[in-house]
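**Student:** For reference, this is upload-v8.cif, and it has mmCIF, C-alpha atoms.
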data_start
#
loop_
_atom_site.label_atom_id
_atom_site.label_comp_id
_atom_site.auth_asym_id
_atom_site.auth_seq_id
_atom_site.Cartn_x
_atom_site.Cartn_y
_atom_site.Cartn_z
CA MET A 13 -196.01 150.84 96.82
CA PRO A 14 -196.33 154.10 94.93
CA ASP A 15 -198.31 152.59 92.03
CA ALA A 16 -200.50 150.30 94.14
CA VAL A 17 -204.05 149.66 93.04
CA THR A 18 -207.08 148.73 95.11
CA VAL A 19 -208.74 145.43 94.28
CA ARG A 20 -212.28 144.86 95.57
CA LEU A 21 -213.89 141.51 94.96
CA THR A 22 -216.12 138.84 96.47
CA VAL A 23 -214.35 135.68 97.59
CA ASN A 24 -216.43 132.73 98.77
CA GLY A 25 -219.40 135.02 99.29
CA VAL A 26 -217.48 137.58 101.37
CA ALA A 27 -216.57 141.10 100.18
CA ARG A 28 -212.79 141.51 100.35
CA GLU A 29 -210.35 144.24 99.48
CA GLY A 30 -206.61 144.63 99.16
CA ARG A 31 -203.92 146.87 97.70
CA CYS A 32 -201.14 145.58 95.47
CA GLU A 33 -198.95 146.38 92.49
CA PRO A 34 -200.63 145.81 89.10
CA ARG A 35 -198.08 143.09 88.35
CA LYS A 36 -199.15 140.97 91.32
CA LEU A 37 -200.41 137.56 90.24
CA PHE A 38 -203.90 136.73 91.43
CA VAL A 39 -202.78 133.53 93.17
CA ASP A 40 -200.24 135.50 95.22
CA PHE A 41 -202.92 138.06 96.09
CA LEU A 42 -205.23 135.30 97.33
CA ARG A 43 -202.49 133.74 99.45
CA GLU A 44 -200.48 136.72 100.67
CA ASP A 45 -203.00 139.56 100.82
CA LEU A 46 -206.18 137.66 101.64
CA GLY A 47 -204.58 134.82 103.61
CA LEU A 48 -206.31 132.13 101.54
CA THR A 49 -203.51 129.60 101.22
CA GLY A 50 -205.68 126.71 100.08
CA THR A 51 -205.03 127.67 96.45
CA HIS A 52 -201.60 126.27 95.63
CA VAL A 53 -198.76 127.78 93.62
CA GLY A 54 -197.19 125.15 91.41
CA CYS A 55 -195.55 125.92 88.09
CA GLU A 56 -196.40 129.66 87.96
CA HIS A 57 -196.80 129.57 84.18
CA GLY A 58 -200.19 128.03 83.57
CA VAL A 59 -199.26 124.39 83.03
CA CYS A 60 -199.85 122.42 86.25
CA GLY A 61 -203.33 123.65 87.19
CA ALA A 62 -202.77 123.59 90.99
CA CYS A 63 -203.87 127.24 91.28
CA THR A 64 -207.23 126.78 89.51
CA ILE A 65 -210.09 128.80 91.04
CA LEU A 66 -213.54 129.81 89.78
CA ILE A 67 -213.90 133.37 88.50
CA ASP A 68 -217.52 134.37 87.90
CA GLY A 69 -218.35 130.67 87.95
CA GLU A 70 -215.71 129.48 85.48
CA ALA A 71 -212.49 127.62 86.19
CA ALA A 72 -209.33 129.63 85.49
CA ARG A 73 -205.67 129.57 86.44
CA SER A 74 -204.91 132.21 89.01
CA CYS A 75 -201.15 132.19 88.29
CA ILE A 76 -201.65 133.58 84.78
CA MET A 77 -204.00 136.39 85.62
CA LEU A 78 -203.34 139.60 87.51
CA ALA A 79 -205.01 140.42 90.81
CA VAL A 80 -206.16 143.72 89.34
CA GLN A 81 -208.07 141.80 86.67
CA ALA A 82 -210.20 140.19 89.39
CA ASP A 83 -211.47 143.58 90.58
CA GLY A 84 -215.27 143.32 90.78
CA ALA A 85 -215.34 139.56 90.22
CA GLU A 86 -216.98 136.75 92.18
CA ILE A 87 -214.36 134.21 93.16
CA LEU A 88 -214.71 130.72 94.55
CA THR A 89 -211.62 129.09 96.05
CA ILE A 90 -211.18 125.71 97.67
CA GLU A 91 -211.92 127.31 101.06
CA GLY A 92 -215.47 128.05 99.87
CA LEU A 93 -216.34 124.53 98.70
CA ALA A 94 -217.49 123.01 101.99
CA GLN A 95 -220.64 124.59 103.42
CA ASN A 96 -221.36 124.89 107.15
CA GLY A 97 -218.74 122.28 107.99
CA LYS A 98 -220.18 119.81 105.48
CA LEU A 99 -217.90 118.65 102.67
CA HIS A 100 -218.97 119.24 99.08
CA PRO A 101 -220.00 116.03 97.24
CA LEU A 102 -216.78 116.30 95.20
CA GLN A 103 -214.70 116.44 98.37
CA GLU A 104 -216.60 113.48 99.81
CA ALA A 105 -216.00 111.51 96.62
CA PHE A 106 -212.27 112.32 96.54
CA ARG A 107 -211.97 111.09 100.14
CA GLU A 108 -214.04 107.97 99.48
CA HIS A 109 -212.25 106.97 96.26
CA HIS A 110 -208.66 107.86 97.19
CA GLY A 111 -208.65 110.80 94.81
CA LEU A 112 -205.63 112.30 96.56
CA GLN A 113 -202.31 111.30 98.02
CA CYS A 114 -200.11 114.29 98.89
CA GLY A 115 -202.91 116.77 98.22
CA PHE A 116 -200.88 119.41 96.41
CA CYS A 117 -202.87 119.28 93.17
CA THR A 118 -206.18 118.59 94.94
CA PRO A 119 -207.50 122.19 95.15
CA GLY A 120 -206.94 122.54 91.40
CA MET A 121 -208.45 119.12 90.68
CA LEU A 122 -211.58 119.93 92.69
CA MET A 123 -212.13 123.37 91.16
CA THR A 124 -211.57 122.03 87.64
CA ALA A 125 -213.93 119.09 88.26
CA LEU A 126 -216.53 121.53 89.61
CA ASP A 127 -216.62 123.46 86.31
CA LEU A 128 -216.50 120.22 84.30
CA LEU A 129 -219.60 118.86 86.10
CA ARG A 130 -221.39 122.22 85.89
CA THR A 131 -221.09 122.24 82.10
CA ASN A 132 -221.33 118.46 81.63
CA PRO A 133 -223.26 116.82 84.50
CA SER A 134 -222.95 113.29 83.06
CA PRO A 135 -219.45 113.06 81.58
CA THR A 136 -218.10 109.86 80.06
CA GLU A 137 -214.84 108.50 81.44
CA ALA A 138 -213.06 109.91 78.37
CA GLU A 139 -214.56 113.34 79.03
CA ILE A 140 -213.46 113.21 82.66
CA ARG A 141 -209.93 112.29 81.56
CA GLU A 142 -209.90 115.16 79.10
CA GLY A 143 -211.28 117.56 81.73
CA ILE A 144 -208.79 116.71 84.45
CA SER A 145 -205.90 116.60 81.98
CA ALA A 146 -205.83 120.32 82.88
CA VAL A 147 -204.23 119.44 86.22
CA LEU A 148 -201.02 117.53 86.84
CA CYS A 149 -200.89 115.01 89.70
CA ARG A 150 -197.34 113.79 90.42
CA CYS A 151 -198.49 111.08 92.82
CA THR A 152 -199.92 109.44 89.67
CA GLY A 153 -203.26 109.20 91.38
CA TYR A 154 -205.35 109.74 88.27
CA HIS A 155 -207.40 106.53 88.47
CA GLY A 156 -208.69 107.37 91.91
CA ILE A 157 -209.46 110.91 90.76
CA ILE A 158 -211.44 109.65 87.76
CA ARG A 159 -213.47 107.32 89.98
CA ALA A 160 -214.05 110.17 92.41
CA VAL A 161 -215.35 112.51 89.70
CA GLU A 162 -217.62 109.74 88.36
CA ALA A 163 -219.01 109.18 91.85
CA ALA A 164 -219.45 112.92 92.48
CA ALA A 165 -221.30 113.29 89.17
CA ARG A 166 -223.75 110.61 90.28
CA ALA A 167 -224.18 112.21 93.71
CA MET A 168 -224.69 115.71 92.27
CA ARG A 169 -227.27 114.81 89.62
CA MET B 9 -191.43 133.69 88.32
CA LYS B 10 -193.09 137.07 88.80
CA PRO B 11 -193.76 139.59 86.04
CA PRO B 12 -191.49 142.61 85.75
CA LYS B 13 -192.91 146.05 86.47
CA PHE B 14 -195.21 147.58 83.89
CA ASP B 15 -197.81 150.32 83.64
CA TYR B 16 -201.25 148.74 83.63
CA HIS B 17 -204.22 150.13 81.73
CA ALA B 18 -207.68 148.65 81.41
CA PRO B 19 -209.47 150.99 79.01
CA ALA B 20 -213.25 150.86 78.70
CA SER B 21 -213.28 151.53 74.96
CA LEU B 22 -211.36 150.51 71.88
CA ASP B 23 -210.52 154.14 71.01
CA GLU B 24 -208.94 154.55 74.43
CA ALA B 25 -206.96 151.32 73.91
CA LEU B 26 -205.68 152.53 70.53
CA ALA B 27 -204.65 155.88 72.03
CA LEU B 28 -202.67 154.04 74.71
CA LEU B 29 -200.85 151.94 72.11
CA ARG B 30 -199.88 155.12 70.28
CA ARG B 31 -198.72 156.76 73.47
CA TYR B 32 -196.28 153.90 74.21
CA GLY B 33 -195.05 153.76 70.62
CA GLY B 34 -194.56 150.00 70.31
CA ASP B 35 -193.48 149.37 73.94
CA ALA B 36 -196.94 148.28 75.10
CA LYS B 37 -198.45 144.82 74.81
CA VAL B 38 -202.12 144.08 74.32
CA LEU B 39 -203.49 141.71 76.98
CA ALA B 40 -206.38 139.55 75.77
CA GLY B 41 -207.02 136.23 77.58
CA GLY B 42 -203.44 136.22 78.83
CA GLN B 43 -202.98 132.48 78.45
CA SER B 44 -199.80 132.94 76.38
CA LEU B 45 -198.70 136.47 77.37
CA MET B 46 -198.88 135.97 81.14
CA PRO B 47 -196.49 132.97 81.11
CA LEU B 48 -194.08 135.03 78.98
CA LEU B 49 -194.29 137.84 81.55
CA ASN B 50 -193.83 135.43 84.45
CA PHE B 51 -190.68 134.08 82.80
CA ARG B 52 -189.65 137.69 82.00
CA LEU B 53 -189.20 136.72 78.39
CA SER B 54 -191.42 139.70 77.64
CA ARG B 55 -190.79 143.06 79.36
CA PRO B 56 -193.26 145.57 77.97
CA ALA B 57 -193.42 149.10 79.36
CA ALA B 58 -197.18 148.77 79.60
CA LEU B 59 -200.06 146.35 79.33
CA VAL B 60 -203.25 147.44 77.61
CA ASP B 61 -205.88 145.03 78.95
CA LEU B 62 -208.87 144.53 76.63
CA ASN B 63 -210.89 142.57 79.20
CA ARG B 64 -212.98 145.62 80.23
CA ILE B 65 -214.22 146.30 76.67
CA PRO B 66 -217.45 144.26 76.45
CA SER B 67 -218.16 145.33 72.85
CA LEU B 68 -215.26 143.12 71.69
CA ALA B 69 -217.06 139.87 72.58
CA TYR B 70 -219.76 138.63 70.18
CA ILE B 71 -220.55 135.96 67.61
CA GLU B 72 -222.78 136.90 64.67
CA GLU B 73 -223.53 135.69 61.16
CA ARG B 74 -223.42 138.24 58.36
CA ASP B 75 -222.80 138.12 54.59
CA GLY B 76 -222.09 134.39 54.59
CA GLN B 77 -219.49 134.77 57.33
CA VAL B 78 -219.48 134.04 61.02
CA ARG B 79 -217.85 137.00 62.74
CA PHE B 80 -216.22 136.86 66.14
CA GLY B 81 -215.32 139.78 68.35
CA ALA B 82 -211.64 139.40 69.19
CA MET B 83 -212.34 138.93 72.91
CA THR B 84 -214.80 136.07 72.41
CA ARG B 85 -213.65 133.32 74.80
CA GLN B 86 -212.78 129.89 73.44
CA ARG B 87 -215.20 128.37 75.95
CA THR B 88 -218.02 130.49 74.48
CA ILE B 89 -217.12 129.25 71.00
CA GLU B 90 -217.07 125.65 72.28
CA PHE B 91 -220.71 125.90 73.40
CA SER B 92 -222.07 128.22 70.69
CA PRO B 93 -224.94 126.62 68.70
CA LEU B 94 -224.22 129.05 65.84
CA VAL B 95 -220.60 127.88 65.63
CA ALA B 96 -221.65 124.21 65.82
CA ARG B 97 -224.04 124.72 62.93
CA ARG B 98 -222.15 127.16 60.72
CA VAL B 99 -218.41 126.64 61.41
CA PRO B 100 -218.24 123.10 62.82
CA LEU B 101 -214.52 122.83 62.05
CA LEU B 102 -213.85 125.66 64.51
CA ARG B 103 -215.91 123.92 67.17
CA GLU B 104 -213.94 120.72 66.72
CA ALA B 105 -210.63 122.63 66.82
CA THR B 106 -211.69 124.38 70.03
CA LYS B 107 -211.72 121.11 71.96
CA TRP B 108 -207.99 120.86 71.16
CA VAL B 109 -207.16 124.36 72.41
CA GLY B 110 -205.40 124.06 75.76
CA HIS B 111 -207.56 122.79 78.61
CA LEU B 112 -210.93 123.71 80.08
CA PRO B 113 -209.51 126.39 82.45
CA ILE B 114 -207.40 127.83 79.61
CA ARG B 115 -210.39 128.14 77.27
CA THR B 116 -212.47 130.05 79.84
CA ARG B 117 -209.96 132.92 79.57
CA GLY B 118 -208.36 132.38 76.16
CA THR B 119 -209.82 134.31 73.24
CA ILE B 120 -210.04 133.78 69.49
CA GLY B 121 -208.39 137.12 68.75
CA GLY B 122 -205.58 136.54 71.23
CA SER B 123 -204.81 133.09 69.86
CA ILE B 124 -204.67 134.33 66.28
CA ALA B 125 -202.71 137.52 67.03
CA HIS B 126 -200.19 135.53 69.10
CA ALA B 127 -199.55 133.44 65.96
CA ASP B 128 -198.05 130.39 67.60
CA PRO B 129 -197.46 128.12 64.57
CA SER B 130 -198.54 125.08 66.61
CA ALA B 131 -201.89 126.57 67.61
CA GLU B 132 -205.20 125.31 66.24
CA TYR B 133 -207.08 128.55 65.50
CA PRO B 134 -204.49 129.92 63.04
CA ALA B 135 -204.73 126.60 61.17
CA VAL B 136 -208.52 126.88 60.95
CA LEU B 137 -208.32 130.52 59.83
CA THR B 138 -205.88 129.45 57.11
CA ALA B 139 -207.83 126.36 56.00
CA LEU B 140 -211.07 128.33 55.65
CA ASP B 141 -209.32 131.31 54.05
CA GLY B 142 -210.79 133.59 56.71
CA GLU B 143 -210.04 137.22 57.45
CA VAL B 144 -209.18 139.36 60.43
CA VAL B 145 -210.09 142.99 60.97
CA ALA B 146 -207.32 145.21 62.32
CA ARG B 147 -208.10 148.65 63.70
CA GLY B 148 -205.47 151.34 63.99
CA PRO B 149 -205.17 155.11 64.05
CA LYS B 150 -206.13 155.33 60.37
CA GLY B 151 -209.22 153.16 60.73
CA GLU B 152 -209.94 149.54 59.91
CA ARG B 153 -208.41 147.19 57.38
CA VAL B 154 -209.34 143.61 56.51
CA VAL B 155 -206.43 141.16 56.24
CA ARG B 156 -206.75 137.73 54.66
CA ALA B 157 -205.27 134.76 56.51
CA ARG B 158 -202.55 134.26 53.87
CA ASP B 159 -201.36 137.85 54.38
CA PHE B 160 -201.55 137.79 58.15
CA PHE B 161 -199.03 135.24 59.44
CA VAL B 162 -195.42 136.31 58.80
CA THR B 163 -193.30 133.90 60.85
CA TYR B 164 -193.11 132.45 64.39
CA LEU B 165 -195.20 134.61 66.72
CA THR B 166 -195.20 137.41 64.15
CA THR B 167 -198.09 138.83 62.15
CA SER B 168 -198.59 141.73 59.79
CA LEU B 169 -200.36 143.69 62.55
CA GLU B 170 -198.69 147.06 63.18
CA ALA B 171 -197.66 148.03 66.71
CA ASP B 172 -200.45 150.61 66.88
CA GLU B 173 -203.15 148.22 65.58
CA ILE B 174 -205.47 145.89 67.47
CA LEU B 175 -207.07 142.79 65.99
CA VAL B 176 -210.77 143.45 66.62
CA GLU B 177 -212.65 140.79 64.64
CA VAL B 178 -212.15 137.35 63.09
CA ARG B 179 -214.28 136.37 60.07
CA LEU B 180 -214.74 132.79 58.92
CA PRO B 181 -216.82 131.80 55.90
CA ALA B 182 -219.86 129.77 56.91
CA THR B 183 -219.55 126.10 55.98
CA PRO B 184 -221.83 124.98 53.13
CA ALA B 185 -224.50 122.41 54.01
CA GLY B 186 -223.32 118.86 53.44
CA ALA B 187 -219.64 119.65 53.85
CA GLY B 188 -217.43 117.36 55.88
CA TRP B 189 -214.74 118.51 58.28
CA ALA B 190 -212.13 117.13 60.66
CA LEU B 191 -209.20 118.31 62.71
CA GLU B 192 -206.59 115.66 63.45
CA GLU B 193 -203.82 116.42 65.88
CA PHE B 194 -200.87 114.70 67.46
CA ALA B 195 -199.50 116.06 70.73
CA ARG B 196 -197.67 114.43 73.61
CA ARG B 197 -200.61 115.07 75.92
CA HIS B 198 -204.13 116.23 75.13
CA GLY B 199 -204.19 119.99 75.60
CA ASP B 200 -200.54 120.55 74.69
CA PHE B 201 -199.68 122.52 71.59
CA ALA B 202 -199.80 120.34 68.48
CA ILE B 203 -196.65 118.68 67.20
CA VAL B 204 -198.61 118.60 63.96
CA ALA B 205 -202.33 119.17 63.35
CA ILE B 206 -204.28 119.15 60.09
CA ALA B 207 -207.54 121.02 59.56
CA ALA B 208 -209.64 119.68 56.69
CA LEU B 209 -212.89 120.61 55.00
CA VAL B 210 -214.39 118.87 51.95
CA VAL B 211 -217.51 119.65 49.93
CA ARG B 212 -219.00 116.73 48.02
CA ASP B 213 -220.53 117.29 44.64
CA GLY B 214 -222.03 113.93 43.68
CA ALA B 215 -219.12 111.56 43.22
CA ARG B 216 -216.75 114.49 42.87
CA CYS B 217 -215.13 116.76 45.43
CA GLY B 218 -216.44 120.29 44.83
CA ALA B 219 -213.91 121.91 47.11
CA ALA B 220 -211.21 120.81 49.54
CA ARG B 221 -209.46 122.89 52.18
CA LEU B 222 -206.39 121.76 54.08
CA ALA B 223 -204.03 123.60 56.44
CA THR B 224 -201.38 122.68 58.97
CA ALA B 225 -200.35 123.59 62.47
CA GLY B 226 -196.86 122.74 63.71
CA ALA B 227 -195.36 122.04 60.29
CA GLY B 228 -193.40 125.27 59.82
CA PRO B 229 -193.13 128.85 61.06
CA VAL B 230 -196.66 129.72 59.89
CA PRO B 231 -199.80 127.68 59.16
CA VAL B 232 -199.49 126.22 55.65
CA ARG B 233 -202.40 125.99 53.23
CA LEU B 234 -201.91 122.73 51.29
CA ARG B 235 -203.29 123.94 47.98
CA ALA B 236 -201.57 121.40 45.71
CA ALA B 237 -202.96 118.57 47.83
CA GLU B 238 -206.44 120.13 47.70
CA GLU B 239 -206.21 120.19 43.90
CA ILE B 240 -205.64 116.43 43.75
CA LEU B 241 -208.96 115.90 45.55
CA GLU B 242 -210.81 118.49 43.48
CA ARG B 243 -209.57 116.70 40.34
CA ASP B 244 -209.78 113.03 41.40
CA GLY B 245 -212.54 113.02 44.03
CA LEU B 246 -212.55 111.55 47.52
CA THR B 247 -211.47 108.00 46.71
CA ASP B 248 -208.99 106.22 48.96
CA ALA B 249 -206.37 106.56 46.21
CA ALA B 250 -206.92 110.30 45.83
CA ILE B 251 -206.81 110.84 49.59
CA ASP B 252 -203.58 108.86 49.76
CA ALA B 253 -202.04 110.89 46.93
CA ALA B 254 -203.11 114.15 48.58
CA ALA B 255 -201.66 113.03 51.92
CA ARG B 256 -198.32 112.16 50.32
CA ARG B 257 -198.30 115.46 48.42
CA ALA B 258 -199.01 117.34 51.68
CA ALA B 259 -195.65 116.32 53.14
CA GLU B 260 -193.87 117.87 50.14
CA LEU B 261 -195.59 121.20 50.74
CA VAL B 262 -194.32 121.83 54.28
CA SER B 263 -190.92 122.91 55.60
CA PRO B 264 -190.97 122.02 59.28
CA ASP B 265 -188.09 122.68 61.64
CA SER B 266 -186.60 120.23 64.12
CA ASP B 267 -186.93 121.15 67.77
CA ILE B 268 -186.96 119.54 71.20
CA HIS B 269 -190.40 118.03 70.56
CA ALA B 270 -189.89 116.41 67.14
CA SER B 271 -187.57 116.26 64.16
CA ALA B 272 -188.44 117.84 60.83
CA ASP B 273 -188.69 114.37 59.24
CA TYR B 274 -191.11 113.19 61.89
CA ARG B 275 -193.27 116.28 61.40
CA ARG B 276 -193.33 115.64 57.66
CA HIS B 277 -194.35 112.04 58.32
CA LEU B 278 -197.12 113.24 60.65
CA THR B 279 -198.31 115.66 57.98
CA THR B 280 -199.03 112.72 55.67
CA VAL B 281 -200.57 110.50 58.34
CA LEU B 282 -202.81 113.21 59.79
CA THR B 283 -203.86 114.55 56.37
CA ARG B 284 -205.00 111.04 55.45
CA ARG B 285 -206.87 110.62 58.72
CA ALA B 286 -208.48 114.06 58.54
CA LEU B 287 -209.66 113.58 54.95
CA THR B 288 -210.94 110.06 55.60
CA ARG B 289 -212.99 111.27 58.55
CA ALA B 290 -214.16 114.45 56.77
CA ARG B 291 -215.39 112.25 53.90
CA THR B 292 -217.59 110.22 56.28
CA VAL B 293 -219.10 113.43 57.72
CA ALA B 294 -219.81 114.92 54.29
CA HIS B 295 -222.88 114.04 52.29
CA ALA B 296 -223.62 115.02 48.76
#
Translate this structure into structure tokens?

**Tutor:**
Amino acid sequence: MPDAVTVRLTVNGVAREGRCEPRKLFVDFLREDLGLTGTHVGCEHGVCGACTILIDGEAARSCIMLAVQADGAEILTIEGLAQNGKLHPLQEAFREHHGLQCGFCTPGMLMTALDLLRTNPSPTEAEIREGISAVLCRCTGYHGIIRAVEAAARAMR
Amino acid sequence: MKPPKFDYHAPASLDEALALLRRYGGDAKVLAGGQSLMPLLNFRLSRPAALVDLNRIPSLAYIEERDGQVRFGAMTRQRTIEFSPLVARRVPLLREATKWVGHLPIRTRGTIGGSIAHADPSAEYPAVLTALDGEVVARGPKGERVVRARDFFVTYLTTSLEADEILVEVRLPATPAGAGWALEEFARRHGDFAIVAIAALVVRDGARCGAARLATAGAGPVPVRLRAAEEILERDGLTDAAIDAAARRAAELVSPDSDIHASADYRRHLTTVLTRRALTRARTVAHA
């Protein structure tokens, strides 16, 4: 890679580094270069939301940003949600309320819900629907997801 | 679904960014939030020789009020606008429109300057800029120029920005106290681009309508200011009959195209329906 660039960043609290072409998508960098395959690649053009991660605390789609743009950033991926083997309240709620079937969209759903509850700790059902409309679930499991986010909001307050 | 090769530059200053644009002579693209450009690159519909990324220029992100205008640095994120108390107080129509821009994780990256410079005719921010008769500031090798909304949008995805210019600021007139506003939109799913949206602002003056502002998204190749419909309200007030007449007039002022999402006739129909809804709601928000 003659024009490779070095990307240094913090992922889930750990300093990481990799080299890639400037055109490498951030989601591919996370999966291929850092081995973090929990973030899923769905549509690859910013529609399905499966690849949503937190960058400097805010939810964003990692398939429509470049790895080089994450240089210096603090990233949270699905792998960083559980702490010391204990599931995050959102993960607990998704399990309890059948918020997932096949699980493909789940990393994106959880990371999106995390930012939604950070900025709106007591969302109405309509606000939850609007928030998670950012992520497509093809198992049509939305009702369980909405109940899970409601339950997580209660648990996290 | 991977971008083609390009040279990547992330300048730390606007002058550096402008020099890079000159160096590539029209073959470089400016990368703002990337929420429209990155999909185009992934599909390889766009194959620029270089990307000039503005995300490392912190001086391009601000919101300030000056000379009766609220001014936004081009790289101000939509999510910042959504939560800005100044925007809520002084340009409430923009705040309402922001909730219709993409989804939460789009708005964290997407910027006001990027949305307006991209000039998607179905996007909300160009409609608000047009309704409020706002301005953008373009900076190029010869300095800055101020461009009014009506002179900015040329056609689909095309503006009057030159290849060596960068949109650096968006200026919206502050909303007068007591004004009413509403943005009504129809899309297949919340967060999709509008099939049609109408941005409305009305100023009450006793029983009369002191000023009305109306503009479209999705009803033609550029946002359309519905001046002849505004005039009906400014002449006849905000009665149900006047609103209905303005809404019917609105459909005569647009020239939408048919596409995979909706026919031209349907878009014209929506223009009437949404103009009526927007004005009716704006009237309830306004107080004399």

**Student:** Counting all atoms listed in the file, what is within 12 Å of B:Gly214, bar same-chain residues fewer than 5 positions away, as a PyMOL selection string?

**Tutor:** chain B and resi 186-187+219+245-246+294-296

**Student:** From the options B:Leu112, B:Ile240, B:Ile65, B:Ala127, which residue's atoms come nearest to chain A, counting all atoms listed in the file?

**Tutor:** B:Leu112

**Student:** Using the chain letters and numbers from this file, what does the PyMOL selection byres ((chain B and resi 155-163) around 8) select? Give the answer as a PyMOL selection string.

**Tutor:** chain B and resi 127+137-138+141-146+153-154+164-169+229-231

**Student:** Put those residues in a file: C-alpha atoms, as a PDB file, in the frame of the given file.

**Tutor:**
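Output file part00.pdb is given in full below:
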ATOM      1  CA  ALA B 127    -199.550 133.440  65.960  1.00  0.00           C
ATOM      2  CA  LEU B 137    -208.320 130.520  59.830  1.00  0.00           C
ATOM      3  CA  THR B 138    -205.880 129.450  57.110  1.00  0.00           C
ATOM      4  CA  ASP B 141    -209.320 131.310  54.050  1.00  0.00           C
ATOM      5  CA  GLY B 142    -210.790 133.590  56.710  1.00  0.00           C
ATOM      6  CA  GLU B 143    -210.040 137.220  57.450  1.00  0.00           C
ATOM      7  CA  VAL B 144    -209.180 139.360  60.430  1.00  0.00           C
ATOM      8  CA  VAL B 145    -210.090 142.990  60.970  1.00  0.00           C
ATOM      9  CA  ALA B 146    -207.320 145.210  62.320  1.00  0.00           C
ATOM     10  CA  ARG B 153    -208.410 147.190  57.380  1.00  0.00           C
ATOM     11  CA  VAL B 154    -209.340 143.610  56.510  1.00  0.00           C
ATOM     12  CA  TYR B 164    -193.110 132.450  64.390  1.00  0.00           C
ATOM     13  CA  LEU B 165    -195.200 134.610  66.720  1.00  0.00           C
ATOM     14  CA  THR B 166    -195.200 137.410  64.150  1.00  0.00           C
ATOM     15  CA  THR B 167    -198.090 138.830  62.150  1.00  0.00           C
ATOM     16  CA  SER B 168    -198.590 141.730  59.790  1.00  0.00           C
ATOM     17  CA  LEU B 169    -200.360 143.690  62.550  1.00  0.00           C
ATOM     18  CA  PRO B 229    -193.130 128.850  61.060  1.00  0.00           C
ATOM     19  CA  VAL B 230    -196.660 129.720  59.890  1.00  0.00           C
ATOM     20  CA  PRO B 231    -199.800 127.680  59.160  1.00  0.00           C
TER      21      PRO B 231
END

**Student:** Given all atoms listed in the file, how would the per-residue table for chain B near chain A read, listing every residue at most 10 Å away with its closest atom pair and distance in Å to one decimal, sorted by chain and number, as a tab-separated table?

**Tutor:**
residue	atom	partner	partner_atom	distance
B:Met9	CA	A:Glu56	CA	6.4
B:Lys10	CA	A:Leu37	CA	7.5
B:Pro11	CA	A:Arg35	CA	6.0
B:Pro12	CA	A:Arg35	CA	7.1
B:Lys13	CA	A:Arg35	CA	6.2
B:Phe14	CA	A:Arg35	CA	6.9
B:Asp15	CA	A:Pro34	CA	7.6
B:Tyr16	CA	A:Pro34	CA	6.2
B:His17	CA	A:Pro34	CA	9.3
B:Ala18	CA	A:Gln81	CA	8.6
B:Gly41	CA	A:Met77	CA	8.6
B:Gly42	CA	A:Ile76	CA	6.8
B:Gln43	CA	A:Ile76	CA	6.6
B:Ser44	CA	A:Ile76	CA	8.6
B:Leu45	CA	A:Ile76	CA	8.5
B:Met46	CA	A:Ile76	CA	5.2
B:Pro47	CA	A:His57	CA	4.6
B:Leu48	CA	A:His57	CA	8.0
B:Leu49	CA	A:His57	CA	9.0
B:Asn50	CA	A:His57	CA	6.6
B:Phe51	CA	A:His57	CA	7.7
B:Leu59	CA	A:Arg35	CA	9.8
B:Asp61	CA	A:Gln81	CA	8.7
B:Asn63	CA	A:Gln81	CA	8.0
B:Arg64	CA	A:Gln81	CA	9.0
B:Arg87	CA	A:Glu70	CA	9.6
B:Phe91	CA	A:Thr131	CA	9.4
B:Lys107	CA	A:Glu142	CA	9.5
B:Trp108	CA	A:Glu142	CA	10.0
B:Gly110	CA	A:Ala146	CA	8.1
B:His111	CA	A:Ala146	CA	5.2
B:Leu112	CA	A:Gly143	CA	6.4
B:Pro113	CA	A:Ala72	CA	4.4
B:Ile114	CA	A:Ala72	CA	6.4
B:Arg115	CA	A:Ala72	CA	8.4
B:Thr116	CA	A:Ala72	CA	6.5
B:Arg117	CA	A:Ala72	CA	6.8
B:Gly118	CA	A:Ala72	CA	9.8
B:Arg197	CA	A:Ser145	CA	8.2
B:His198	CA	A:Ser145	CA	7.1
B:Gly199	CA	A:Ser145	CA	7.4
B:Asp200	CA	A:Val59	CA	9.3

**Student:** The PyMOL selection byres ((chain A and resi 48-54) around 7) - which residues does that actually catch in the file I just gave you? List them as a ChimeraX atom specification.

**Tutor:** /A:42-43,46-47,55-56,60,62-63,89-91,116,119

**Student:** Please write the residues picked by the PyMOL selection byres ((chain B and resi 180) around 7) on this file as a PDB file with C-alpha atoms, in the coordinates of the input.

**Tutor:**
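In the end it all went to selection-v7.pdb:
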ATOM      1  CA  GLN B  77    -219.490 134.770  57.330  1.00  0.00           C
ATOM      2  CA  VAL B  78    -219.480 134.040  61.020  1.00  0.00           C
ATOM      3  CA  ARG B  79    -217.850 137.000  62.740  1.00  0.00           C
ATOM      4  CA  LEU B 137    -208.320 130.520  59.830  1.00  0.00           C
ATOM      5  CA  LEU B 140    -211.070 128.330  55.650  1.00  0.00           C
ATOM      6  CA  GLY B 142    -210.790 133.590  56.710  1.00  0.00           C
ATOM      7  CA  GLU B 143    -210.040 137.220  57.450  1.00  0.00           C
ATOM      8  CA  VAL B 178    -212.150 137.350  63.090  1.00  0.00           C
ATOM      9  CA  ARG B 179    -214.280 136.370  60.070  1.00  0.00           C
ATOM     10  CA  PRO B 181    -216.820 131.800  55.900  1.00  0.00           C
ATOM     11  CA  ALA B 182    -219.860 129.770  56.910  1.00  0.00           C
TER      12      ALA B 182
END

**Student:** Quick one: axis-aligned box around all listed atoms of stretch 40-59 of chain B, 6 Å on every side, centre and edge lengths in Å to one decimal, written as JSON.

**Tutor:**
{"center_x": -198.1, "center_y": 140.8, "center_z": 80.1, "size_x": 29.8, "size_y": 28.6, "size_z": 20.7}
